[in-house]
Each structure stands twice: as structure tokens, then as C-alpha cells.
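File shown here: run.pdb, holding PDB, C-alpha atoms, pLDDT in the B column.
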```
ATOM      1  CA  MET A1486       7.600  23.048 181.976  1.00 61.00           C
ATOM      2  CA  SER A1487       8.759  25.233 179.088  1.00 86.00           C
ATOM      3  CA  VAL A1488       6.874  25.650 175.860  1.00 92.00           C
ATOM      4  CA  GLN A1489       8.302  23.499 173.086  1.00 95.00           C
ATOM      5  CA  ILE A1490       7.574  22.793 169.442  1.00 97.00           C
ATOM      6  CA  HIS A1491       6.630  19.127 168.955  1.00 97.00           C
ATOM      7  CA  GLU A1492       6.517  17.376 165.586  1.00 97.00           C
ATOM      8  CA  PHE A1493       4.324  14.360 164.883  1.00 98.00           C
ATOM      9  CA  ASN A1494       3.687  12.166 161.868  1.00 98.00           C
ATOM     10  CA  VAL A1495      -0.047  11.551 161.606  1.00 98.00           C
ATOM     11  CA  GLU A1496      -1.615   9.310 158.955  1.00 97.00           C
ATOM     12  CA  MET A1497      -3.851  12.008 157.446  1.00 96.00           C
ATOM     13  CA  THR A1498      -5.239  11.590 153.937  1.00 95.00           C
ATOM     14  CA  CYS A1499      -7.674  14.496 153.593  1.00 95.00           C
ATOM     15  CA  GLU A1500      -8.843  17.849 154.943  1.00 95.00           C
ATOM     16  CA  GLY A1501     -11.250  15.978 157.232  1.00 96.00           C
ATOM     17  CA  CYS A1502      -8.320  14.195 158.862  1.00 95.00           C
ATOM     18  CA  SER A1503      -6.367  17.402 159.380  1.00 96.00           C
ATOM     19  CA  GLY A1504      -9.514  19.092 160.692  1.00 97.00           C
ATOM     20  CA  ALA A1505      -9.949  16.287 163.233  1.00 97.00           C
ATOM     21  CA  ALA A1506      -6.363  16.799 164.448  1.00 97.00           C
ATOM     22  CA  LYS A1507      -6.970  20.557 164.851  1.00 97.00           C
ATOM     23  CA  ARG A1508     -10.246  19.899 166.699  1.00 97.00           C
ATOM     24  CA  VAL A1509      -8.802  17.494 169.290  1.00 98.00           C
ATOM     25  CA  LEU A1510      -5.819  19.759 169.924  1.00 98.00           C
ATOM     26  CA  GLY A1511      -8.131  22.782 170.092  1.00 96.00           C
ATOM     27  CA  LYS A1512     -10.001  21.148 172.974  1.00 97.00           C
ATOM     28  CA  LEU A1513      -6.831  21.529 175.057  1.00 97.00           C
ATOM     29  CA  GLY A1514      -7.459  25.288 175.067  1.00 95.00           C
ATOM     30  CA  ASP A1515      -4.619  27.495 176.232  1.00 94.00           C
ATOM     31  CA  LYS A1516      -2.393  24.456 176.853  1.00 95.00           C
ATOM     32  CA  VAL A1517      -1.654  24.568 173.100  1.00 97.00           C
ATOM     33  CA  SER A1518      -0.477  27.886 171.697  1.00 95.00           C
ATOM     34  CA  ASN A1519      -0.135  26.916 168.019  1.00 96.00           C
ATOM     35  CA  VAL A1520      -0.931  24.062 165.619  1.00 97.00           C
ATOM     36  CA  ASP A1521       0.488  23.821 162.084  1.00 97.00           C
ATOM     37  CA  ILE A1522      -0.605  21.004 159.805  1.00 97.00           C
ATOM     38  CA  ASP A1523       1.253  19.918 156.665  1.00 97.00           C
ATOM     39  CA  LEU A1524      -1.228  17.534 155.056  1.00 96.00           C
ATOM     40  CA  GLY A1525       1.024  16.710 152.091  1.00 96.00           C
ATOM     41  CA  ASN A1526       3.814  15.484 154.374  1.00 97.00           C
ATOM     42  CA  LYS A1527       1.406  14.142 157.026  1.00 97.00           C
ATOM     43  CA  LYS A1528       2.999  16.291 159.747  1.00 97.00           C
ATOM     44  CA  VAL A1529       1.452  18.068 162.723  1.00 98.00           C
ATOM     45  CA  ILE A1530       3.577  20.696 164.493  1.00 97.00           C
ATOM     46  CA  VAL A1531       2.302  21.659 167.957  1.00 98.00           C
ATOM     47  CA  THR A1532       3.591  24.461 170.197  1.00 97.00           C
ATOM     48  CA  SER A1533       2.736  23.507 173.782  1.00 96.00           C
ATOM     49  CA  ALA A1534       4.030  23.041 177.312  1.00 94.00           C
ATOM     50  CA  LEU A1535       2.348  19.610 177.449  1.00 96.00           C
ATOM     51  CA  THR A1536       4.498  16.482 177.274  1.00 96.00           C
ATOM     52  CA  PRO A1537       4.922  14.584 174.006  1.00 96.00           C
ATOM     53  CA  GLU A1538       3.035  11.683 175.593  1.00 97.00           C
ATOM     54  CA  GLU A1539       0.039  13.885 176.424  1.00 97.00           C
ATOM     55  CA  LEU A1540      -0.027  15.309 172.907  1.00 98.00           C
ATOM     56  CA  THR A1541       0.371  11.861 171.321  1.00 98.00           C
ATOM     57  CA  GLU A1542      -2.584  10.517 173.325  1.00 98.00           C
ATOM     58  CA  THR A1543      -4.669  13.529 172.290  1.00 98.00           C
ATOM     59  CA  LEU A1544      -3.810  13.088 168.595  1.00 98.00           C
ATOM     60  CA  LYS A1545      -4.620   9.355 168.799  1.00 98.00           C
ATOM     61  CA  LYS A1546      -8.227  10.347 169.573  1.00 97.00           C
ATOM     62  CA  THR A1547      -8.532  11.080 165.835  1.00 96.00           C
ATOM     63  CA  GLY A1548      -8.260   7.341 165.188  1.00 97.00           C
ATOM     64  CA  LYS A1549      -5.167   7.891 163.053  1.00 97.00           C
ATOM     65  CA  GLU A1550      -1.717   6.364 163.511  1.00 97.00           C
ATOM     66  CA  VAL A1551       0.512   8.866 165.333  1.00 98.00           C
ATOM     67  CA  THR A1552       4.310   8.866 165.627  1.00 98.00           C
ATOM     68  CA  TYR A1553       6.271  11.377 167.686  1.00 98.00           C
ATOM     69  CA  VAL A1554       9.202  12.784 165.688  1.00 97.00           C
ATOM     70  CA  GLY A1555      10.847  15.121 168.196  1.00 97.00           C
ATOM     71  CA  SER A1556      10.871  18.562 169.782  1.00 92.00           C
ATOM     72  CA  LYS A1557      12.809  21.783 170.029  1.00 83.00           C
ATOM     73  CA  SER A1558      12.626  24.702 172.423  1.00 70.00           C
ATOM     74  CA  THR A1559      10.882  27.856 171.284  1.00 64.00           C
TER
END
```
Can you give me the file's structure in the form of C-alpha cells?
Amino acid sequence: MSVQIHEFNVEMTCEGCSGAAKRVLGKLGDKVSNVDIDLGNKKVIVTSALTPEELTETLKKTGKEVTYVGSKST
């Protein structure tokens, strides 16, 4: 599967929330090549070859509401 950029809306309200998102995605190791978090707009941008479903399930481990927005090829 090719590496894609995936965008998610995640109900984050503070640096702790965004840190939790980075931590859970970081546990995926080299399966995730980049994570950008826009706390003000509650967006998480993930560069990965994993499926949107796999990334959504991982982000849900933060306990926050997660919505998949879409993807684009790198």
C-alpha cells in the first residue's frame, strides 16, 4: 500500500490531548512517517501507509471523538 496523507478531526481541547494523539500514533513506529497536529482547528494530519480505519482505531485510544476527513497521495 502506498504512503498517503490522512486528515482527521479529533476533539482535542488542550496540549495534553494533542500529546496523547502523538503518543498513540508514535507507538506505531515506522508505520507512521509524520504527524502534524493543529490544535486550534482540532485536526491531526498523519502520513502513513496504514489504512484510515487502522489510524482511526489508533486515534480513538485517546478517548476522544475521531472523524476521518479524507486522504491524498504523497
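Summary of the local environment: counting only C-alpha atoms, residues at most 9 Å from A:Ile1530, other than itself and those fewer than 4 positions away along its chain, are A:Ile1490, A:His1491, A:Glu1492, A:Phe1493, A:Asn1494, A:Asn1519, A:Val1520, A:Asp1521, A:Ile1522, A:Asp1523.
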Long-range neighbours of A:Ser1533 as a PDB file with C-alpha atoms, in the coordinates of the input, 10 Å cut-off, all atoms listed in the file, 2 positions minimum in chain:
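Output saved as part.pdb:
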```
ATOM      1  CA  MET A1486       7.600  23.048 181.976  1.00 61.00           C
ATOM      2  CA  SER A1487       8.759  25.233 179.088  1.00 86.00           C
ATOM      3  CA  VAL A1488       6.874  25.650 175.860  1.00 92.00           C
ATOM      4  CA  GLN A1489       8.302  23.499 173.086  1.00 95.00           C
ATOM      5  CA  ILE A1490       7.574  22.793 169.442  1.00 97.00           C
ATOM      6  CA  HIS A1491       6.630  19.127 168.955  1.00 97.00           C
ATOM      7  CA  LEU A1513      -6.831  21.529 175.057  1.00 97.00           C
ATOM      8  CA  ASP A1515      -4.619  27.495 176.232  1.00 94.00           C
ATOM      9  CA  LYS A1516      -2.393  24.456 176.853  1.00 95.00           C
ATOM     10  CA  VAL A1517      -1.654  24.568 173.100  1.00 97.00           C
ATOM     11  CA  SER A1518      -0.477  27.886 171.697  1.00 95.00           C
ATOM     12  CA  ASN A1519      -0.135  26.916 168.019  1.00 96.00           C
ATOM     13  CA  VAL A1520      -0.931  24.062 165.619  1.00 97.00           C
ATOM     14  CA  ILE A1530       3.577  20.696 164.493  1.00 97.00           C
ATOM     15  CA  VAL A1531       2.302  21.659 167.957  1.00 98.00           C
ATOM     16  CA  LEU A1535       2.348  19.610 177.449  1.00 96.00           C
ATOM     17  CA  THR A1536       4.498  16.482 177.274  1.00 96.00           C
ATOM     18  CA  PRO A1537       4.922  14.584 174.006  1.00 96.00           C
ATOM     19  CA  LEU A1540      -0.027  15.309 172.907  1.00 98.00           C
ATOM     20  CA  THR A1559      10.882  27.856 171.284  1.00 64.00           C
TER      21      THR A1559
END
```
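Going from atom CA of A:Lys1549 over to atom CA of A:Thr1532, you cover 20.1 Å.
Shortest atom-to-atom contact with A:Lys1546 among A:Ala1534, A:Leu1524, A:Val1509, A:Val1529: A:Val1509, counting all atoms listed in the file.
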Legend entry - Atomic separation - atom CA of A:Asn1526 relative to atom CA of A:Ser1556, Å: 17.2 Å
Box along x, y and z, 4 Å on every side, all listed atoms of stretch 1544-1547 of chain A inside: centre and edge lengths in Å to one decimal, as lines of an AutoDock Vina configuration file.
```
center_x = -6.2
center_y = 11.2
center_z = 167.7
size_x = 12.7
size_y = 11.7
size_z = 11.7
```
Legend entry - Residues selected by the PyMOL selection byres ((chain A and resi 1550) around 12), written as a ChimeraX atom specification: /A:1493-1498,1502,1506,1527-1528,1541-1549,1551-1553
